[in-house]
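Undergrad: Below is the file entry29.txt, which contains compact mmCIF, C-alpha atoms.
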# COMPACT_ATOMS: atom_id res chain seq x y z
CA MET A 268 74.26 126.46 122.92
CA SER A 269 77.98 126.88 122.28
CA LEU A 270 80.04 130.04 122.21
CA ARG A 271 80.55 129.43 118.50
CA ASN A 272 76.77 129.46 118.03
CA PRO A 273 75.61 131.52 121.00
CA ASN A 274 72.22 132.12 122.51
CA LEU A 275 72.39 135.92 122.70
CA LYS A 276 69.43 136.04 125.06
CA HIS A 277 71.41 134.01 127.60
CA LEU A 278 74.40 136.34 127.20
CA ARG A 279 72.19 139.37 127.78
CA ALA A 280 70.82 137.71 130.91
CA CYS A 281 74.38 137.28 132.22
CA LEU A 282 75.12 140.95 131.56
CA ALA A 283 71.97 142.01 133.35
CA VAL A 284 72.83 139.89 136.41
CA ALA A 285 76.31 141.40 136.51
CA ARG A 286 74.93 144.91 136.23
CA ARG A 287 72.08 144.57 138.71
CA GLN A 288 73.73 142.05 141.10
CA SER A 289 70.33 140.40 141.38
CA ILE A 290 68.54 137.64 139.50
CA SER A 291 65.12 139.21 140.03
CA ALA A 292 66.21 142.68 138.90
CA ALA A 293 67.99 141.18 135.89
CA ALA A 294 64.84 139.26 134.97
CA GLU A 295 62.91 142.52 134.79
CA ASP A 296 65.56 144.12 132.58
CA VAL A 297 65.63 141.33 129.99
CA TYR A 298 61.92 140.45 130.16
CA MET A 299 62.53 136.90 131.34
CA SER A 300 61.27 134.98 134.36
CA GLN A 301 63.64 134.54 137.31
CA PRO A 302 63.90 130.75 136.72
CA ALA A 303 64.70 131.43 133.05
CA VAL A 304 67.51 133.84 134.00
CA THR A 305 68.88 131.37 136.55
CA GLN A 306 68.80 128.62 133.95
CA ALA A 307 70.45 130.83 131.32
CA VAL A 308 73.34 131.70 133.65
CA ALA A 309 73.75 128.05 134.65
CA LYS A 310 73.96 126.97 131.00
CA VAL A 311 76.67 129.49 130.22
CA GLU A 312 78.61 128.49 133.34
CA ARG A 313 78.45 124.80 132.39
CA LEU A 314 79.63 125.63 128.91
CA LEU A 315 82.64 127.57 130.19
CA GLY A 316 83.37 125.26 133.11
CA VAL A 317 83.56 128.14 135.61
CA GLU A 318 81.28 130.00 137.99
CA LEU A 319 80.55 133.46 136.64
CA PHE A 320 78.76 134.63 139.77
CA ASP A 321 79.13 134.21 143.51
CA ARG A 322 75.61 133.83 144.95
CA ARG A 323 75.30 135.30 148.44
CA PRO A 324 72.35 136.32 150.62
CA GLU A 325 73.19 139.98 150.05
CA GLY A 326 73.35 139.66 146.27
CA VAL A 327 74.96 138.08 143.23
CA PHE A 328 78.54 139.16 142.55
CA VAL A 329 80.79 138.64 139.53
CA THR A 330 83.73 136.26 140.01
CA GLU A 331 87.16 136.75 138.41
CA PRO A 332 86.33 134.61 135.35
CA GLY A 333 82.94 136.31 135.36
CA LYS A 334 84.64 139.67 134.94
CA ILE A 335 86.56 138.32 131.95
CA PHE A 336 83.36 137.01 130.39
CA VAL A 337 81.28 140.10 131.10
CA ARG A 338 83.89 142.39 129.54
CA ARG A 339 83.92 140.37 126.33
CA VAL A 340 80.13 140.14 126.15
CA GLU A 341 79.90 143.91 126.65
CA ARG A 342 82.24 144.31 123.68
CA LEU A 343 80.03 141.91 121.70
CA GLN A 344 77.01 144.06 122.50
CA ASP A 345 78.89 147.19 121.46
CA TYR A 346 79.56 145.66 118.03
CA LEU A 347 75.89 144.79 117.61
CA VAL A 348 74.93 148.35 118.55
CA GLN A 349 77.37 149.64 115.92
CA ALA A 350 75.95 147.21 113.37
CA THR A 351 72.39 148.34 113.88
CA ALA A 352 73.40 152.00 113.96
CA GLU A 353 75.13 151.62 110.58
CA ILE A 354 72.11 149.83 109.13
CA MET A 355 69.86 152.64 110.27
CA ARG A 356 72.25 155.23 108.88
CA ILE A 357 72.71 153.56 105.50
CA GLY A 358 69.03 152.74 105.20
CA ARG A 359 68.02 156.12 106.64
CA ARG A 360 65.65 154.41 109.05
CA ASN A 361 64.22 155.70 112.31
CA ARG A 362 66.73 155.55 115.19
CA GLY A 363 63.99 154.39 117.54
CA HIS A 364 63.93 151.10 115.64
CA GLN A 365 67.69 150.71 116.21
CA VAL A 366 67.28 150.64 120.01
CA LYS A 367 65.16 147.50 119.78
CA LEU A 368 67.07 145.82 116.97
CA HIS A 369 70.35 145.03 118.71
CA GLN A 370 68.38 143.56 121.62
CA LEU A 371 66.21 141.36 119.40
CA VAL A 372 68.73 139.85 116.98
CA THR A 373 69.59 136.20 117.68
CA GLY A 374 72.76 134.17 117.35
CA VAL A 375 71.05 131.90 114.81
CA GLN A 376 70.28 134.92 112.64
CA LEU A 377 73.86 136.16 112.84
CA ARG A 378 75.21 132.75 111.86
CA ALA A 379 72.78 132.53 108.96
CA LEU A 380 73.80 135.95 107.63
CA ILE A 381 77.52 135.16 107.93
CA ALA A 382 77.09 131.77 106.26
CA ILE A 383 75.20 133.31 103.33
CA SER A 384 77.85 136.00 102.91
CA GLU A 385 80.56 133.34 102.67
CA ALA A 386 78.65 130.87 100.50
CA GLY A 387 76.71 133.15 98.16
CA SER A 388 73.59 130.99 98.25
CA PHE A 389 71.04 129.74 100.76
CA SER A 390 71.53 126.07 99.88
CA LEU A 391 75.32 126.07 100.14
CA ALA A 392 75.22 128.18 103.32
CA ALA A 393 72.81 125.70 104.93
CA ARG A 394 75.06 122.80 103.97
CA ASN A 395 78.14 124.56 105.36
CA VAL A 396 76.59 125.17 108.79
CA GLY A 397 74.77 121.85 108.95
CA VAL A 398 71.15 123.00 109.02
CA SER A 399 68.25 122.59 106.64
CA GLN A 400 67.84 125.18 103.91
CA PRO A 401 64.32 126.18 105.10
CA SER A 402 65.67 126.81 108.63
CA LEU A 403 68.53 128.96 107.40
CA HIS A 404 66.30 130.81 104.95
CA ARG A 405 63.76 131.53 107.69
CA ALA A 406 66.44 132.89 110.06
CA ALA A 407 67.84 135.13 107.33
CA ARG A 408 64.45 136.52 106.35
CA GLU A 409 63.50 137.09 109.99
CA LEU A 410 66.65 139.16 110.42
CA GLU A 411 65.79 141.11 107.29
CA GLN A 412 62.32 141.84 108.72
CA LEU A 413 63.85 142.98 112.02
CA CYS A 414 66.21 145.35 110.22
CA ALA A 415 63.37 146.67 108.03
CA VAL A 416 65.86 147.12 105.18
CA PRO A 417 66.77 144.79 102.28
CA LEU A 418 69.68 142.47 103.10
CA PHE A 419 69.68 140.16 100.07
CA GLU A 420 69.50 140.56 96.32
CA LYS A 421 69.04 137.81 93.76
CA ALA A 422 71.75 137.48 91.12
CA SER A 423 72.51 135.06 88.29
CA THR A 424 75.31 133.58 90.41
CA GLY A 425 73.25 133.25 93.58
CA ILE A 426 72.52 135.67 96.41
CA LEU A 427 74.25 139.02 96.82
CA LEU A 428 74.33 141.02 100.04
CA THR A 429 73.23 144.62 100.08
CA LYS A 430 75.48 147.31 101.49
CA GLN A 431 73.55 147.15 104.77
CA ALA A 432 74.05 143.40 104.97
CA GLU A 433 77.79 143.65 104.27
CA THR A 434 78.11 146.13 107.11
CA PHE A 435 76.10 143.89 109.41
CA VAL A 436 78.29 140.88 108.52
CA MET A 437 81.47 142.72 109.47
CA PHE A 438 80.19 143.76 112.89
CA ALA A 439 78.54 140.37 113.49
CA LYS A 440 81.82 138.57 112.88
CA LEU A 441 83.67 140.96 115.16
CA ALA A 442 81.03 140.38 117.84
CA LEU A 443 81.43 136.61 117.67
CA VAL A 444 85.23 136.94 117.79
CA GLU A 445 84.81 138.40 121.27
CA LEU A 446 83.31 135.12 122.46
CA GLY A 447 86.32 133.23 121.16
CA GLN A 448 88.53 135.70 123.01
CA ALA A 449 86.47 135.08 126.16
CA GLU A 450 86.98 131.32 125.88
CA ASP A 451 90.74 131.73 125.49
CA GLU A 452 91.02 134.14 128.42
CA ILE A 453 88.96 131.95 130.72
CA ALA A 454 90.98 128.89 129.67
CA SER A 455 94.12 130.85 130.53
CA TRP A 456 92.63 131.80 133.92
CA LYS A 457 91.97 128.11 134.55
CA GLY A 458 95.63 127.31 133.92
CA GLY A 459 95.85 126.93 130.16
CA ARG A 460 98.95 128.35 128.50
CA GLY A 461 97.89 128.75 124.91
CA GLY A 462 95.17 130.37 122.87
CA ARG A 463 94.23 131.32 119.35
CA ILE A 464 96.21 133.63 117.07
CA VAL A 465 95.61 134.28 113.38
CA ILE A 466 98.32 136.36 111.70
CA GLY A 467 98.06 138.03 108.31
CA SER A 468 101.60 138.05 106.97
CA MET A 469 103.07 140.03 104.11
CA PRO A 470 106.21 138.72 102.35
CA LEU A 471 108.85 140.53 104.36
CA ALA A 472 107.54 139.26 107.69
CA ARG A 473 107.69 135.63 106.56
CA SER A 474 111.44 135.81 105.98
CA ALA A 475 112.71 136.01 109.55
CA ILE A 476 110.53 138.10 111.88
CA LEU A 477 107.66 135.66 112.10
CA PRO A 478 109.63 132.38 112.09
CA ASN A 479 111.66 133.50 115.09
CA ALA A 480 108.63 134.79 116.99
CA ILE A 481 106.54 131.71 116.20
CA ASN A 482 109.27 129.29 117.20
CA ALA A 483 109.75 131.10 120.51
CA ILE A 484 106.08 131.30 121.41
CA MET A 485 105.33 127.70 120.41
CA GLU A 486 108.25 126.48 122.48
CA GLU A 487 106.93 128.22 125.58
CA PHE A 488 103.21 127.72 124.83
CA PRO A 489 102.98 124.52 122.77
CA ASP A 490 99.17 124.34 122.97
CA THR A 491 98.80 127.66 121.13
CA ARG A 492 96.57 127.42 118.05
CA LEU A 493 98.43 129.60 115.57
CA ARG A 494 97.59 130.15 111.90
CA VAL A 495 99.45 132.31 109.39
CA VAL A 496 97.51 133.65 106.40
CA ASP A 497 99.23 135.15 103.37
CA GLY A 498 97.82 136.88 100.33
CA PRO A 499 97.43 140.31 98.73
CA TYR A 500 97.32 143.23 101.15
CA GLN A 501 93.70 144.11 100.40
CA ASP A 502 92.58 140.54 101.13
CA LEU A 503 94.48 140.52 104.42
CA LEU A 504 93.06 143.91 105.38
CA PHE A 505 89.54 142.65 104.65
CA GLY A 506 90.17 139.61 106.87
CA LEU A 507 91.49 141.82 109.66
CA ARG A 508 88.53 144.19 109.58
CA HIS A 509 86.07 141.27 109.61
CA GLY A 510 87.69 139.45 112.53
CA ASP A 511 89.10 136.53 110.52
CA ILE A 512 92.63 137.78 111.23
CA ASP A 513 93.90 139.14 114.54
CA LEU A 514 96.81 141.25 113.29
CA LEU A 515 98.77 142.01 110.12
CA ILE A 516 102.53 142.27 109.96
CA GLY A 517 104.47 143.77 107.07
CA ALA A 518 104.96 147.04 105.23
CA LEU A 519 102.75 149.82 106.59
CA ARG A 520 100.66 152.03 104.34
CA ASP A 521 100.73 155.82 104.16
CA PRO A 522 98.11 157.03 104.64
CA VAL A 523 96.34 154.42 106.73
CA PRO A 524 93.91 152.84 104.24
CA VAL A 525 90.77 152.87 106.42
CA ASP A 526 89.82 154.62 109.64
CA ASP A 527 88.97 151.48 111.65
CA VAL A 528 92.54 150.13 111.81
CA VAL A 529 95.70 151.47 113.44
CA GLN A 530 99.34 150.90 112.53
CA HIS A 531 102.31 150.44 114.85
CA LYS A 532 105.81 150.76 113.37
CA LEU A 533 108.40 148.17 114.39
CA PHE A 534 111.39 149.29 112.30
CA ASP A 535 112.41 150.92 109.02
CA ASP A 536 113.58 148.61 106.26
CA PRO A 537 115.73 149.85 103.34
CA LEU A 538 115.57 148.45 99.82
CA ALA A 539 118.51 147.13 97.84
CA ILE A 540 119.25 145.89 94.34
CA VAL A 541 120.26 142.27 94.66
CA GLY A 542 121.91 139.65 92.49
CA ARG A 543 123.81 136.39 92.89
CA VAL A 544 127.07 136.41 94.86
CA HIS A 545 129.38 136.38 91.80
CA HIS A 546 127.26 138.66 89.64
CA PRO A 547 129.31 140.43 86.89
CA LEU A 548 128.20 143.87 88.11
CA LEU A 549 129.97 143.32 91.43
CA ARG A 550 133.27 143.90 89.61
CA GLN A 551 132.28 147.50 88.86
CA LYS A 552 132.92 150.18 91.47
CA LYS A 553 130.19 152.50 90.25
CA LEU A 554 126.96 151.38 88.65
CA THR A 555 124.67 153.39 86.39
CA PRO A 556 121.01 152.84 85.44
CA ALA A 557 122.24 151.70 82.01
CA ASP A 558 124.36 148.99 83.65
CA LEU A 559 121.32 147.73 85.57
CA ALA A 560 119.04 147.85 82.51
CA ALA A 561 121.43 145.60 80.58
CA TYR A 562 120.41 142.60 82.71
CA GLY A 563 117.16 140.75 83.15
CA TRP A 564 114.99 141.46 86.18
CA ALA A 565 112.59 139.49 88.34
CA VAL A 566 110.07 141.88 89.88
CA PRO A 567 106.95 141.69 92.08
CA LEU A 568 103.47 142.16 90.66
CA ARG A 569 102.05 145.64 90.24
CA GLY A 570 100.83 147.20 93.48
CA ALA A 571 103.77 146.03 95.58
CA PRO A 572 105.89 148.91 96.98
CA THR A 573 109.08 147.43 95.51
CA ARG A 574 107.45 147.23 92.08
CA ASP A 575 106.50 150.90 92.35
CA TYR A 576 110.13 151.79 92.98
CA PHE A 577 111.26 149.66 90.03
CA GLU A 578 108.87 151.61 87.79
CA THR A 579 110.36 154.92 88.96
CA MET A 580 113.84 153.63 88.08
CA PHE A 581 112.79 152.37 84.65
CA PRO A 582 109.64 154.21 83.50
CA VAL A 583 107.89 152.61 80.55
CA ASP A 584 108.18 155.75 78.44
CA GLY A 585 111.67 156.63 79.64
CA GLY A 586 113.64 154.74 77.00
CA LEU A 587 115.92 153.01 79.49
CA ARG A 588 114.21 149.80 80.51
CA PRO A 589 115.38 146.18 80.90
CA GLN A 590 114.37 144.03 77.94
CA SER A 591 113.83 140.91 80.03
CA ILE A 592 111.35 141.29 82.91
CA VAL A 593 109.73 138.43 84.81
CA GLU A 594 106.75 139.39 86.97
CA THR A 595 105.83 137.14 89.87
CA GLY A 596 104.28 137.30 93.32
CA SER A 597 106.52 134.46 94.56
CA LEU A 598 109.59 135.53 96.51
CA ILE A 599 110.77 131.92 96.52
CA LEU A 600 110.79 131.96 92.73
CA ILE A 601 112.56 135.33 92.62
CA ARG A 602 115.28 134.16 94.99
CA ARG A 603 115.83 130.95 93.03
CA MET A 604 116.00 132.76 89.67
CA LEU A 605 118.54 135.20 91.07
CA SER A 606 120.77 132.50 92.55
CA THR A 607 120.86 130.56 89.27
CA SER A 608 121.18 133.41 86.75
CA ASP A 609 122.38 136.99 86.31
CA LYS A 610 118.91 138.43 86.87
CA LEU A 611 118.46 141.28 89.33
CA THR A 612 115.67 142.37 91.63
CA ILE A 613 114.86 145.15 94.05
CA ILE A 614 113.98 143.79 97.42
CA SER A 615 114.03 144.53 101.12
CA ARG A 616 117.45 143.90 102.66
CA HIS A 617 115.74 142.02 105.42
CA GLN A 618 114.32 139.50 102.96
CA ILE A 619 117.73 138.26 101.81
CA MET A 620 119.39 137.96 105.22
CA GLN A 621 119.44 134.16 105.05
CA GLU A 622 120.67 134.10 101.43
CA GLU A 623 123.44 136.57 102.34
CA LYS A 624 124.38 134.45 105.33
CA TYR A 625 124.78 131.30 103.19
CA GLY A 626 126.56 133.07 100.31
CA GLU A 627 123.83 132.87 97.68
CA LEU A 628 122.73 136.48 97.13
CA THR A 629 124.25 139.88 97.83
CA MET A 630 123.54 143.57 97.44
CA LEU A 631 124.97 145.46 94.52
CA PRO A 632 127.08 148.58 95.28
CA ILE A 633 124.47 151.18 94.45
CA ASP A 634 122.61 153.50 96.81
CA LEU A 635 118.82 153.69 96.75
CA PRO A 636 118.00 156.94 98.54
CA ASP A 637 114.68 157.41 100.30
CA THR A 638 113.66 153.76 100.05
CA GLU A 639 113.26 152.95 103.74
CA ARG A 640 109.81 151.51 104.36
CA PRO A 641 108.16 151.33 107.76
CA ILE A 642 107.51 147.72 108.77
CA GLY A 643 105.04 147.05 111.53
CA LEU A 644 101.73 145.77 112.82
CA THR A 645 98.22 146.67 111.73
CA VAL A 646 95.34 145.92 114.10
CA ARG A 647 91.69 146.85 114.44
CA LYS A 648 91.01 150.09 116.26
CA GLY A 649 89.88 149.24 119.78
CA TRP A 650 91.14 145.64 119.52
CA SER A 651 91.69 144.01 122.92
CA PRO A 652 94.26 141.19 122.54
CA THR A 653 94.32 138.14 124.78
CA SER A 654 97.41 137.47 126.85
CA ILE A 655 98.87 135.07 124.25
CA GLN A 656 98.26 137.56 121.45
CA GLN A 657 99.92 140.30 123.49
CA ASN A 658 102.81 137.93 124.17
CA LEU A 659 103.34 137.47 120.44
CA ILE A 660 103.28 141.23 119.86
CA GLU A 661 105.94 141.75 122.51
CA ARG A 662 108.14 139.08 120.93
CA LEU A 663 107.76 140.71 117.51
CA GLU A 664 108.76 144.04 119.02
CA ALA A 665 111.86 142.53 120.65
CA ILE A 666 112.95 140.79 117.45
CA SER A 667 112.38 143.98 115.45
CA LYS A 668 114.64 145.97 117.76
CA ASN A 669 117.47 143.56 117.01
CA ILE A 670 116.81 143.80 113.28
CA ALA A 671 116.81 147.61 113.38
CA THR A 672 120.36 147.59 114.78
CA LEU A 673 121.65 145.76 111.69
CA TRP A 674 121.18 148.69 109.32
In structure tokens, how does this file's structure come out?

TA:
Amino acid sequence: MSLRNPNLKHLRACLAVARRQSISAAAEDVYMSQPAVTQAVAKVERLLGVELFDRRPEGVFVTEPGKIFVRRVERLQDYLVQATAEIMRIGRRNRGHQVKLHQLVTGVQLRALIAISEAGSFSLAARNVGVSQPSLHRAARELEQLCAVPLFEKASTGILLTKQAETFVMFAKLALVELGQAEDEIASWKGGRGGRIVIGSMPLARSAILPNAINAIMEEFPDTRLRVVDGPYQDLLFGLRHGDIDLLIGALRDPVPVDDVVQHKLFDDPLAIVGRVHHPLLRQKKLTPADLAAYGWAVPLRGAPTRDYFETMFPVDGGLRPQSIVETGSLILIRRMLSTSDKLTIISRHQIMQEEKYGELTMLPIDLPDTERPIGLTVRKGWSPTSIQQNLIERLEAISKNIATLW
């Protein structure tokens, strides 16, 4: 067993020992023999390299690292309870079946379901997790029988997950994330100074907020395993909700897109119309929409907040619209086009701080009222960050306070 491929029965045994403070009482709760419970606890302790329990004549008591582990495993169990409750609700099954389901599901079954969801076929999923196809297929079908609802549908492209299965996958991945959090927290308790952080970053955050925070945290905690993921907002949100990403940083949405995430504002960021330092329009004291429409523009793809504002300035059916428009999702490309031509763009002021500093780009003298966007963090509702993740959040907050004073 490893925490990346857990034996859930062993984890439940640990929870029962913590709750009952007795091996014999725990054995009754989880329907295992006392030697089996003792062996299960010992295996988990060897895996983690710590003692989870202090065995005394008067009982079995949770140690400090044991408390860390128990809290995370309790959160894992809560996610499995939510998963089975949603399956019962969507499938309109009997709630009595739900009570047994979250206690019967195995780690092998969870891994099989997740692998199939990511691969789209039994054969590729088996190859990805390093097991035989019959073994993976059997685990998946056993889970389907436990749930008593369809989890898989055949399609011309492979295997599709039903709505129940997609829900189960999300909660299963969140459950397994808790074990990774437990490993990091116990490693920190043992003297480690790093941990795992996966950040979903939108364009604005990659300009200066994140580089400064990452440099600072890696300097103090060089063994931190940090990964930054970029992409469209919906993809990042999906990764966050499924546990692949720990937090998102960038422009906040109004309203909050789903009810299982929460947003935390760091600062407000105004927009500006930007061109190269010696742009011809800088010689004019007052600019009009017609002046702006006379030049080419480089704009983000549709769906970006700045693109929405551009469309309000130059509606397609409004008659006044730039003739030359380049659409791109690459800010690097936009910045380079602006610095080497007379093209314009609308962009966050924060995103051109470095270019302004080195004399490449500048704001044009035109006000854009009501364009301040809230920039901040998006996290899962109920998320419990590790100490290193909390450290990063605090650094982002400190950097954001300094940025807010610039406007």

Undergrad: How close does each residue of stretch 411-444 of chain A get to stretch 648-667 of chain A, giving the shortest atom pair and distance in Å to one decimal for every residue with an atom at most 12 Å away, counting all atoms listed in the file, sorted by chain and residue number, as a tab-separated table?

TA:
residue	atom	partner	partner_atom	distance
A:Leu441	CA	A:Trp650	CA	9.8
A:Ala442	CA	A:Trp650	CA	11.5
A:Val444	CA	A:Trp650	CA	10.7

Undergrad: Could those selected residues go to a file with C-alpha atoms, as a PDB file, in the coordinates of the input?

TA:
ATOM      1  CA  LEU A 441      83.670 140.960 115.160  1.00  0.00           C
ATOM      2  CA  ALA A 442      81.030 140.380 117.840  1.00  0.00           C
ATOM      3  CA  VAL A 444      85.230 136.940 117.790  1.00  0.00           C
TER       4      VAL A 444
END

Undergrad: Distance atom CA of A:Ser615-atom CA of A:Leu519, one decimal place?

TA: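 Computing the Euclidean distance for atom CA of A:Ser615 and atom CA of A:Leu519 yields 13.6 Å.
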
Undergrad: Considering only C-alpha atoms, tabulate each residue of stretch 444-543 of chain A that lies at most 10 Å from stretch 616-632 of chain A along with its nearest interatomic pair and the corresponding distance in Å to one decimal; arrange the rows by chain and ascending residue number and present them as a Markdown table.

TA:
| residue | atom | partner | partner_atom | distance |
| --- | --- | --- | --- | --- |
| A:Pro470 | CA | A:Gln618 | CA | 8.2 |
| A:Leu471 | CA | A:Gln618 | CA | 5.7 |
| A:Ala472 | CA | A:Gln618 | CA | 8.3 |
| A:Arg473 | CA | A:Gln618 | CA | 8.5 |
| A:Ser474 | CA | A:Gln618 | CA | 5.6 |
| A:Ala475 | CA | A:Gln618 | CA | 7.6 |
| A:Ile476 | CA | A:His617 | CA | 9.2 |
| A:Asp536 | CA | A:His617 | CA | 7.0 |
| A:Pro537 | CA | A:Arg616 | CA | 6.2 |
| A:Leu538 | CA | A:Arg616 | CA | 5.7 |
| A:Ala539 | CA | A:Arg616 | CA | 5.9 |
| A:Ile540 | CA | A:Leu631 | CA | 5.7 |
| A:Val541 | CA | A:Met630 | CA | 4.5 |
| A:Gly542 | CA | A:Leu628 | CA | 5.7 |
| A:Arg543 | CA | A:Leu628 | CA | 4.4 |

Undergrad: So, counting all atoms listed in the file, which residue among A:Ala294, A:Ala352, A:Ile614, A:Leu515 is closest to A:Cys414?

TA: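 When distances to A:Cys414 are compared using all atoms listed in the file, the smallest one comes from A:Ala352.
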
Undergrad: At a cut-off of 8 Å, using all atoms listed in the file, what residues contact stretch 390-398 of chain A? Leave out same-chain residues fewer than 6 positions from it and give the result as a CSV table (one decimal) with C-alpha atoms, in the coordinates of the input.

TA:
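Done, and the output landed in part_13.csv:
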chain,number,residue,atom,x,y,z
A,379,ALA,CA,72.8,132.5,109.0
A,382,ALA,CA,77.1,131.8,106.3
A,383,ILE,CA,75.2,133.3,103.3

Undergrad: Using only C-alpha atoms, which of A:Glu353, A:Asp634, A:Glu452, A:Asp513 sits nearest A:Lys334?

TA: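 Answer, going by the shortest atom-to-atom distance: A:Glu452.
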
Undergrad: Under the rule that only C-alpha atoms are counted, which of A:Thr351, A:Ser591, A:Ser384, A:Thr491 is the nearest residue to A:Gly425?

TA: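 Looking only at the distances to A:Gly425, the closest residue turns out to be A:Ser384.
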